[in-house]
Amino acid sequence: MAVFQTMLKTYGSQGWWPGETAFEVMVGAILTQNTAWPNVEKAISNLKRAGVFSAVSLLDMPHEALAKLIRPSGYFNIKADRLQQFCHFLQEQGGVEILGNMETTRLRKLLLGVKGVGPETADDMLLYAFQRPVFVIDAYTRRIFSRLGMVSGDESYEVLRMGFESALEADAVLFNEYHALIVRHAKAFCSKKPKCAGCPLAARCTIP
DNA sequence: ATCCCGGATA
DNA sequence: TATCCCGGAT
(Lines give C-alpha, C1' and ligand atoms only; values in the text may rest on other atoms or scores of the structure.)
Protein backbone atom coordinates (compact mmCIF):
# COMPACT_ATOMS: atom_id res chain seq x y z
CA MET A 1 0.00 0.00 0.00
CA ALA A 2 1.24 3.48 -0.80
CA VAL A 3 2.52 5.80 1.89
CA PHE A 4 -0.49 8.10 1.64
CA GLN A 5 -3.04 5.31 1.98
CA THR A 6 -1.20 3.87 4.94
CA MET A 7 -1.17 7.20 6.72
CA LEU A 8 -4.80 7.90 5.91
CA LYS A 9 -5.89 4.50 7.18
CA THR A 10 -3.82 4.97 10.34
CA TYR A 11 -4.74 8.52 11.28
CA GLY A 12 -7.93 9.24 9.36
CA SER A 13 -8.77 12.50 7.64
CA GLN A 14 -7.11 15.47 9.36
CA GLY A 15 -9.55 18.17 8.27
CA TRP A 16 -7.08 20.98 8.00
CA TRP A 17 -8.31 24.56 7.88
CA PRO A 18 -11.97 23.72 7.47
CA GLY A 19 -14.48 26.49 6.93
CA GLU A 20 -12.04 29.31 7.46
CA THR A 21 -11.54 32.35 5.29
CA ALA A 22 -8.59 32.64 2.95
CA PHE A 23 -7.43 35.61 4.98
CA GLU A 24 -7.36 33.61 8.19
CA VAL A 25 -5.48 30.76 6.54
CA MET A 26 -2.87 33.16 5.18
CA VAL A 27 -2.40 34.91 8.51
CA GLY A 28 -2.03 31.52 10.13
CA ALA A 29 0.53 30.47 7.53
CA ILE A 30 2.72 33.44 8.45
CA LEU A 31 2.28 33.10 12.18
CA THR A 32 3.07 29.39 12.20
CA GLN A 33 6.55 29.81 10.76
CA ASN A 34 8.81 27.74 12.99
CA THR A 35 6.10 27.85 15.64
CA ALA A 36 3.80 25.28 17.18
CA TRP A 37 0.22 25.64 16.00
CA PRO A 38 -1.47 26.03 19.43
CA ASN A 39 0.55 29.21 19.92
CA VAL A 40 -0.70 30.50 16.57
CA GLU A 41 -4.28 29.88 17.61
CA LYS A 42 -3.75 32.03 20.68
CA ALA A 43 -2.35 34.84 18.58
CA ILE A 44 -5.24 34.65 16.12
CA SER A 45 -7.86 34.65 18.86
CA ASN A 46 -6.13 37.68 20.37
CA LEU A 47 -6.52 39.47 17.04
CA LYS A 48 -10.16 38.47 16.75
CA ARG A 49 -10.95 39.42 20.32
CA ALA A 50 -9.36 42.82 19.73
CA GLY A 51 -11.58 43.25 16.67
CA VAL A 52 -8.66 43.79 14.32
CA PHE A 53 -8.79 40.65 12.25
CA SER A 54 -8.76 42.25 8.82
CA ALA A 55 -6.16 43.59 6.45
CA VAL A 56 -7.14 47.22 6.97
CA SER A 57 -7.12 46.93 10.75
CA LEU A 58 -3.77 45.20 10.88
CA LEU A 59 -2.33 47.89 8.62
CA ASP A 60 -3.74 50.76 10.63
CA MET A 61 -2.40 49.41 13.87
CA PRO A 62 0.95 50.51 15.31
CA HIS A 63 3.67 47.91 15.15
CA GLU A 64 3.91 47.66 18.93
CA ALA A 65 0.20 47.00 19.35
CA LEU A 66 0.21 44.27 16.73
CA ALA A 67 3.35 42.68 18.15
CA LYS A 68 1.75 42.58 21.56
CA LEU A 69 -1.35 40.79 20.28
CA ILE A 70 0.56 38.12 18.39
CA ARG A 71 3.11 37.61 21.14
CA PRO A 72 2.09 33.99 21.87
CA SER A 73 3.15 32.93 18.38
CA GLY A 74 6.76 33.91 19.02
CA TYR A 75 9.03 36.05 16.82
CA PHE A 76 6.43 38.72 17.40
CA ASN A 77 8.46 41.68 16.16
CA ILE A 78 9.39 39.98 12.92
CA LYS A 79 5.92 38.53 12.41
CA ALA A 80 4.22 41.87 13.06
CA ASP A 81 6.26 43.28 10.18
CA ARG A 82 5.52 40.28 8.01
CA LEU A 83 1.78 40.51 8.65
CA GLN A 84 1.74 44.20 7.79
CA GLN A 85 3.84 43.66 4.69
CA PHE A 86 1.40 40.98 3.66
CA CYS A 87 -1.67 43.12 4.33
CA HIS A 88 -0.10 45.89 2.31
CA PHE A 89 0.35 43.40 -0.50
CA LEU A 90 -3.32 42.41 -0.26
CA GLN A 91 -4.45 46.04 -0.55
CA GLU A 92 -2.08 46.69 -3.41
CA GLN A 93 -3.40 43.70 -5.34
CA GLY A 94 -7.01 44.69 -4.74
CA GLY A 95 -7.97 42.07 -2.19
CA VAL A 96 -8.15 38.34 -1.67
CA GLU A 97 -10.80 37.81 -4.34
CA ILE A 98 -8.54 39.20 -7.04
CA LEU A 99 -5.81 36.80 -5.98
CA GLY A 100 -8.31 33.96 -6.05
CA ASN A 101 -8.90 34.51 -9.75
CA MET A 102 -5.24 34.37 -10.72
CA GLU A 103 -3.43 31.46 -12.25
CA THR A 104 -1.49 29.40 -9.76
CA THR A 105 1.96 30.03 -11.21
CA ARG A 106 1.43 33.77 -11.30
CA LEU A 107 -0.09 33.88 -7.84
CA ARG A 108 2.81 31.86 -6.45
CA LYS A 109 5.32 34.31 -7.85
CA LEU A 110 3.43 37.23 -6.38
CA LEU A 111 3.26 35.61 -2.95
CA LEU A 112 6.98 34.82 -3.04
CA GLY A 113 7.61 38.48 -3.75
CA VAL A 114 6.27 39.47 -0.35
CA LYS A 115 9.01 39.82 2.25
CA GLY A 116 8.43 37.22 4.91
CA VAL A 117 6.71 34.76 2.59
CA GLY A 118 9.06 31.97 1.57
CA PRO A 119 8.30 28.84 -0.44
CA GLU A 120 6.67 26.85 2.34
CA THR A 121 4.46 29.70 3.49
CA ALA A 122 3.48 30.55 -0.09
CA ASP A 123 2.55 26.94 -0.78
CA ASP A 124 0.58 26.71 2.47
CA MET A 125 -1.42 29.67 1.23
CA LEU A 126 -1.86 28.30 -2.28
CA LEU A 127 -3.00 24.91 -1.04
CA TYR A 128 -5.04 25.75 2.06
CA ALA A 129 -6.38 29.22 1.25
CA PHE A 130 -6.80 28.91 -2.52
CA GLN A 131 -7.20 25.13 -2.95
CA ARG A 132 -4.48 24.94 -5.57
CA PRO A 133 -2.79 21.59 -6.22
CA VAL A 134 0.60 22.57 -4.82
CA PHE A 135 2.53 20.11 -2.69
CA VAL A 136 3.92 21.70 0.47
CA ILE A 137 7.45 20.69 1.41
CA ASP A 138 8.49 21.12 5.01
CA ALA A 139 11.04 19.74 7.44
CA TYR A 140 8.68 16.85 8.25
CA THR A 141 8.39 15.89 4.59
CA ARG A 142 12.16 15.83 4.25
CA ARG A 143 12.62 13.80 7.41
CA ILE A 144 9.92 11.20 6.79
CA PHE A 145 10.71 10.55 3.14
CA SER A 146 14.46 10.51 3.64
CA ARG A 147 14.02 7.92 6.39
CA LEU A 148 11.82 5.98 4.00
CA GLY A 149 14.72 6.10 1.57
CA MET A 150 12.67 7.86 -1.08
CA VAL A 151 14.61 11.14 -1.14
CA SER A 152 17.96 12.24 0.21
CA GLY A 153 16.37 15.10 2.13
CA ASP A 154 18.81 17.85 1.27
CA GLU A 155 17.39 18.55 -2.18
CA SER A 156 16.26 22.08 -2.90
CA TYR A 157 12.68 22.99 -2.10
CA GLU A 158 11.72 23.15 -5.75
CA VAL A 159 13.27 19.81 -6.64
CA LEU A 160 11.32 18.10 -3.89
CA ARG A 161 8.08 19.88 -4.72
CA MET A 162 8.37 18.93 -8.38
CA GLY A 163 9.19 15.37 -7.42
CA PHE A 164 6.06 14.97 -5.34
CA GLU A 165 3.85 16.84 -7.76
CA SER A 166 4.92 14.74 -10.73
CA ALA A 167 4.54 11.50 -8.79
CA LEU A 168 0.98 12.30 -7.78
CA GLU A 169 -2.26 13.30 -9.38
CA ALA A 170 -2.58 17.10 -9.27
CA ASP A 171 -5.41 17.14 -6.76
CA ALA A 172 -5.70 19.87 -4.12
CA VAL A 173 -7.84 17.66 -1.89
CA LEU A 174 -5.20 14.93 -2.01
CA PHE A 175 -2.33 17.34 -1.35
CA ASN A 176 -4.23 18.96 1.49
CA GLU A 177 -4.76 15.65 3.23
CA TYR A 178 -1.30 14.34 2.45
CA HIS A 179 0.56 17.26 3.98
CA ALA A 180 -1.64 17.20 7.06
CA LEU A 181 -0.98 13.47 7.44
CA ILE A 182 2.76 14.05 7.10
CA VAL A 183 2.61 16.52 9.96
CA ARG A 184 0.55 14.11 12.01
CA HIS A 185 2.89 11.21 11.37
CA ALA A 186 5.99 13.28 12.13
CA LYS A 187 4.56 14.18 15.51
CA ALA A 188 3.26 10.70 16.29
CA PHE A 189 6.26 8.55 15.25
CA CYS A 190 8.77 10.24 12.96
CA SER A 191 10.00 12.89 15.35
CA LYS A 192 13.63 13.91 15.44
CA LYS A 193 14.28 11.10 17.81
CA PRO A 194 12.14 8.54 16.02
CA LYS A 195 9.67 6.47 18.01
CA CYS A 196 9.67 3.48 15.72
CA ALA A 197 7.75 1.10 17.96
CA GLY A 198 4.37 0.62 16.35
CA CYS A 199 5.14 2.87 13.39
CA PRO A 200 2.70 2.17 10.57
CA LEU A 201 5.46 2.74 7.99
CA ALA A 202 8.13 0.64 9.71
CA ALA A 203 8.00 -2.03 7.02
CA ARG A 204 9.04 0.51 4.36
CA CYS A 205 11.57 2.38 6.46
CA THR A 206 15.35 2.39 6.35
CA ILE A 207 15.60 2.98 10.08
CA PRO A 208 16.25 -0.21 12.01
C1' DA B 1 25.75 30.34 10.21
C1' DT B 2 22.95 33.23 13.06
C1' DC B 3 19.04 35.69 14.54
C1' DC B 4 14.21 36.06 15.68
C1' DC B 5 11.19 34.21 20.47
C1' DG B 6 7.03 32.31 23.38
C1' DG B 7 4.97 28.17 24.95
C1' DA B 8 4.49 23.11 25.37
C1' DT B 9 6.75 18.95 26.25
C1' DA B 10 10.31 15.77 28.08
C1' DT C 1 16.72 22.58 32.09
C1' DA C 2 16.81 21.57 27.07
C1' DT C 3 14.52 20.94 22.96
C1' DC C 4 11.25 21.62 19.49
C1' DC C 5 7.79 23.90 16.82
C1' DC C 6 3.19 23.38 10.02
C1' DG C 7 10.60 29.22 8.37
C1' DG C 8 12.65 33.18 6.46
C1' DA C 9 15.93 36.96 6.17
C1' DT C 10 20.42 38.57 6.76
# chains A, B, ... in the order shown; residues from 1 in each chain; ligands from 1
>>> residues_around(residues="DG6 in chain B", least_positions_apart="6", cutoff="8 Å", atoms="only C-alpha atoms (C1' of nucleotides)", output="PyMOL selection string")
chain A and resi 39+71-75
>>> residues_around(residues="Phe135 in chain A", least_positions_apart="3", cutoff="12 Å", atoms="only C-alpha atoms (C1' of nucleotides)", output="ChimeraX atom specification")
/A:119-128,131-132,138,141,157-180,182
>>> write_last_selection(atoms="N, CA and C atoms", output="CSV table (one decimal), in the first residue's frame")
chain,number,residue,atom,x,y,z
A,119,PRO,N,9.0,29.9,0.3
A,119,PRO,CA,8.3,28.8,-0.4
A,119,PRO,C,7.3,28.0,0.4
A,120,GLU,N,7.6,27.7,1.6
A,120,GLU,CA,6.7,26.8,2.3
A,120,GLU,C,5.4,27.6,2.7
A,121,THR,N,5.6,28.9,3.1
A,121,THR,CA,4.5,29.7,3.5
A,121,THR,C,3.6,30.0,2.3
A,122,ALA,N,4.2,30.3,1.1
A,122,ALA,CA,3.5,30.6,-0.1
A,122,ALA,C,2.7,29.3,-0.5
A,123,ASP,N,3.3,28.2,-0.4
A,123,ASP,CA,2.5,26.9,-0.8
A,123,ASP,C,1.5,26.6,0.2
A,124,ASP,N,1.7,26.8,1.5
A,124,ASP,CA,0.6,26.7,2.5
A,124,ASP,C,-0.6,27.5,2.0
A,125,MET,N,-0.3,28.8,1.7
A,125,MET,CA,-1.4,29.7,1.2
A,125,MET,C,-2.1,29.2,0.0
A,126,LEU,N,-1.3,28.8,-1.0
A,126,LEU,CA,-1.9,28.3,-2.3
A,126,LEU,C,-2.7,27.1,-2.1
A,127,LEU,N,-2.3,26.2,-1.2
A,127,LEU,CA,-3.0,24.9,-1.0
A,127,LEU,C,-4.2,25.1,-0.1
A,128,TYR,N,-4.0,25.7,1.0
A,128,TYR,CA,-5.0,25.8,2.1
A,128,TYR,C,-5.9,27.0,2.0
A,131,GLN,N,-6.9,26.5,-2.4
A,131,GLN,CA,-7.2,25.1,-2.9
A,131,GLN,C,-6.5,24.8,-4.3
A,132,ARG,N,-5.2,25.3,-4.4
A,132,ARG,CA,-4.5,24.9,-5.6
A,132,ARG,C,-3.7,23.7,-5.3
A,138,ASP,N,8.0,20.6,3.7
A,138,ASP,CA,8.5,21.1,5.0
A,138,ASP,C,9.5,20.2,5.6
A,141,THR,N,8.4,16.6,5.9
A,141,THR,CA,8.4,15.9,4.6
A,141,THR,C,9.8,15.4,4.3
A,157,TYR,N,14.1,23.0,-2.3
A,157,TYR,CA,12.7,23.0,-2.1
A,157,TYR,C,12.0,22.7,-3.4
A,158,GLU,N,12.4,23.3,-4.5
A,158,GLU,CA,11.7,23.2,-5.8
A,158,GLU,C,11.9,21.7,-6.3
A,159,VAL,N,13.1,21.2,-6.1
A,159,VAL,CA,13.3,19.8,-6.6
A,159,VAL,C,12.3,18.8,-5.9
A,160,LEU,N,12.2,19.0,-4.6
A,160,LEU,CA,11.3,18.1,-3.9
A,160,LEU,C,9.9,18.3,-4.3
A,161,ARG,N,9.5,19.6,-4.4
A,161,ARG,CA,8.1,19.9,-4.7
A,161,ARG,C,7.7,19.3,-6.1
A,162,MET,N,8.6,19.5,-7.0
A,162,MET,CA,8.4,18.9,-8.4
A,162,MET,C,8.3,17.4,-8.3
A,163,GLY,N,9.2,16.8,-7.5
A,163,GLY,CA,9.2,15.4,-7.4
A,163,GLY,C,7.9,14.8,-6.9
A,164,PHE,N,7.3,15.4,-5.9
A,164,PHE,CA,6.1,15.0,-5.3
A,164,PHE,C,4.9,15.3,-6.3
A,165,GLU,N,5.0,16.5,-6.9
A,165,GLU,CA,3.8,16.8,-7.8
A,165,GLU,C,3.8,16.0,-9.0
A,166,SER,N,5.0,15.6,-9.5
A,166,SER,CA,4.9,14.7,-10.7
A,166,SER,C,4.6,13.3,-10.4
A,167,ALA,N,4.8,12.9,-9.2
A,167,ALA,CA,4.5,11.5,-8.8
A,167,ALA,C,3.1,11.3,-8.4
A,168,LEU,N,2.4,12.4,-8.2
A,168,LEU,CA,1.0,12.3,-7.8
A,168,LEU,C,0.0,13.0,-8.8
A,169,GLU,N,-1.2,12.6,-8.6
A,169,GLU,CA,-2.3,13.3,-9.4
A,169,GLU,C,-2.4,14.7,-8.8
A,170,ALA,N,-2.5,15.7,-9.7
A,170,ALA,CA,-2.6,17.1,-9.3
A,170,ALA,C,-3.9,17.4,-8.7
A,171,ASP,N,-4.1,17.1,-7.4
A,171,ASP,CA,-5.4,17.1,-6.8
A,171,ASP,C,-5.2,17.9,-5.4
A,172,ALA,N,-5.9,19.0,-5.3
A,172,ALA,CA,-5.7,19.9,-4.1
A,172,ALA,C,-6.2,19.1,-2.9
A,173,VAL,N,-7.3,18.4,-3.0
A,173,VAL,CA,-7.8,17.7,-1.9
A,173,VAL,C,-6.8,16.6,-1.4
A,174,LEU,N,-6.2,15.9,-2.4
A,174,LEU,CA,-5.2,14.9,-2.0
A,174,LEU,C,-4.0,15.6,-1.3
A,175,PHE,N,-3.5,16.7,-1.9
A,175,PHE,CA,-2.3,17.3,-1.3
A,175,PHE,C,-2.6,17.9,0.0
A,176,ASN,N,-3.8,18.4,0.2
A,176,ASN,CA,-4.2,19.0,1.5
A,176,ASN,C,-4.1,17.9,2.5
A,177,GLU,N,-4.7,16.7,2.3
A,177,GLU,CA,-4.8,15.6,3.2
A,177,GLU,C,-3.4,15.1,3.5
A,178,TYR,N,-2.6,15.0,2.4
A,178,TYR,CA,-1.3,14.3,2.4
A,178,TYR,C,-0.4,15.1,3.4
A,179,HIS,N,-0.3,16.4,3.2
A,179,HIS,CA,0.6,17.3,4.0
A,179,HIS,C,0.1,17.2,5.4
A,180,ALA,N,-1.1,17.3,5.7
A,180,ALA,CA,-1.6,17.2,7.1
A,180,ALA,C,-1.3,15.9,7.7
A,182,ILE,N,1.3,14.0,6.9
A,182,ILE,CA,2.8,14.1,7.1
A,182,ILE,C,3.1,14.7,8.4
>>> closest_atom_pairs(of="chain B", to="chain A", cutoff="9 Å", atoms="only C-alpha atoms (C1' of nucleotides)", output="tab-separated table")
residue	atom	partner	partner_atom	distance
B:DC4	C1'	A:Tyr75	CA	5.3
B:DC5	C1'	A:Tyr75	CA	4.6
B:DG6	C1'	A:Gly74	CA	4.6
B:DG7	C1'	A:Asn39	CA	6.8
B:DA8	C1'	A:Ala36	CA	8.5
>>> interface_residues(of="chain C", to="chain A", cutoff="10 Å", atoms="only C-alpha atoms (C1' of nucleotides)", output="list in words")
DC4, DC5, DC6, DG7, DG8 and DA9 of chain C
>>> select_by_dssp(residues="range 74-198 of chain A", states="helix (DSSP H, G or I)", output="ChimeraX atom specification")
/A:76-93,96-100,104-112,119-129,139-147,157-167,172-188
>>> closest_residue(among="A:Phe89, A:Lys187, A:Ser45, A:Arg147", to="DT9 in chain B", atoms="only C-alpha atoms (C1' of nucleotides)")
A:Lys187
>>> atom_distance(atom1="CA of Met61 in chain A", atom2="CA of Val27 in chain A")
15.5 Å
>>> atom_distance(atom1="CA of Phe145 in chain A", atom2="CA of Gly15 in chain A")
22.2 Å
>>> atom_distance(atom1="CA of Pro208 in chain A", atom2="CA of Leu148 in chain A")
11.0 Å
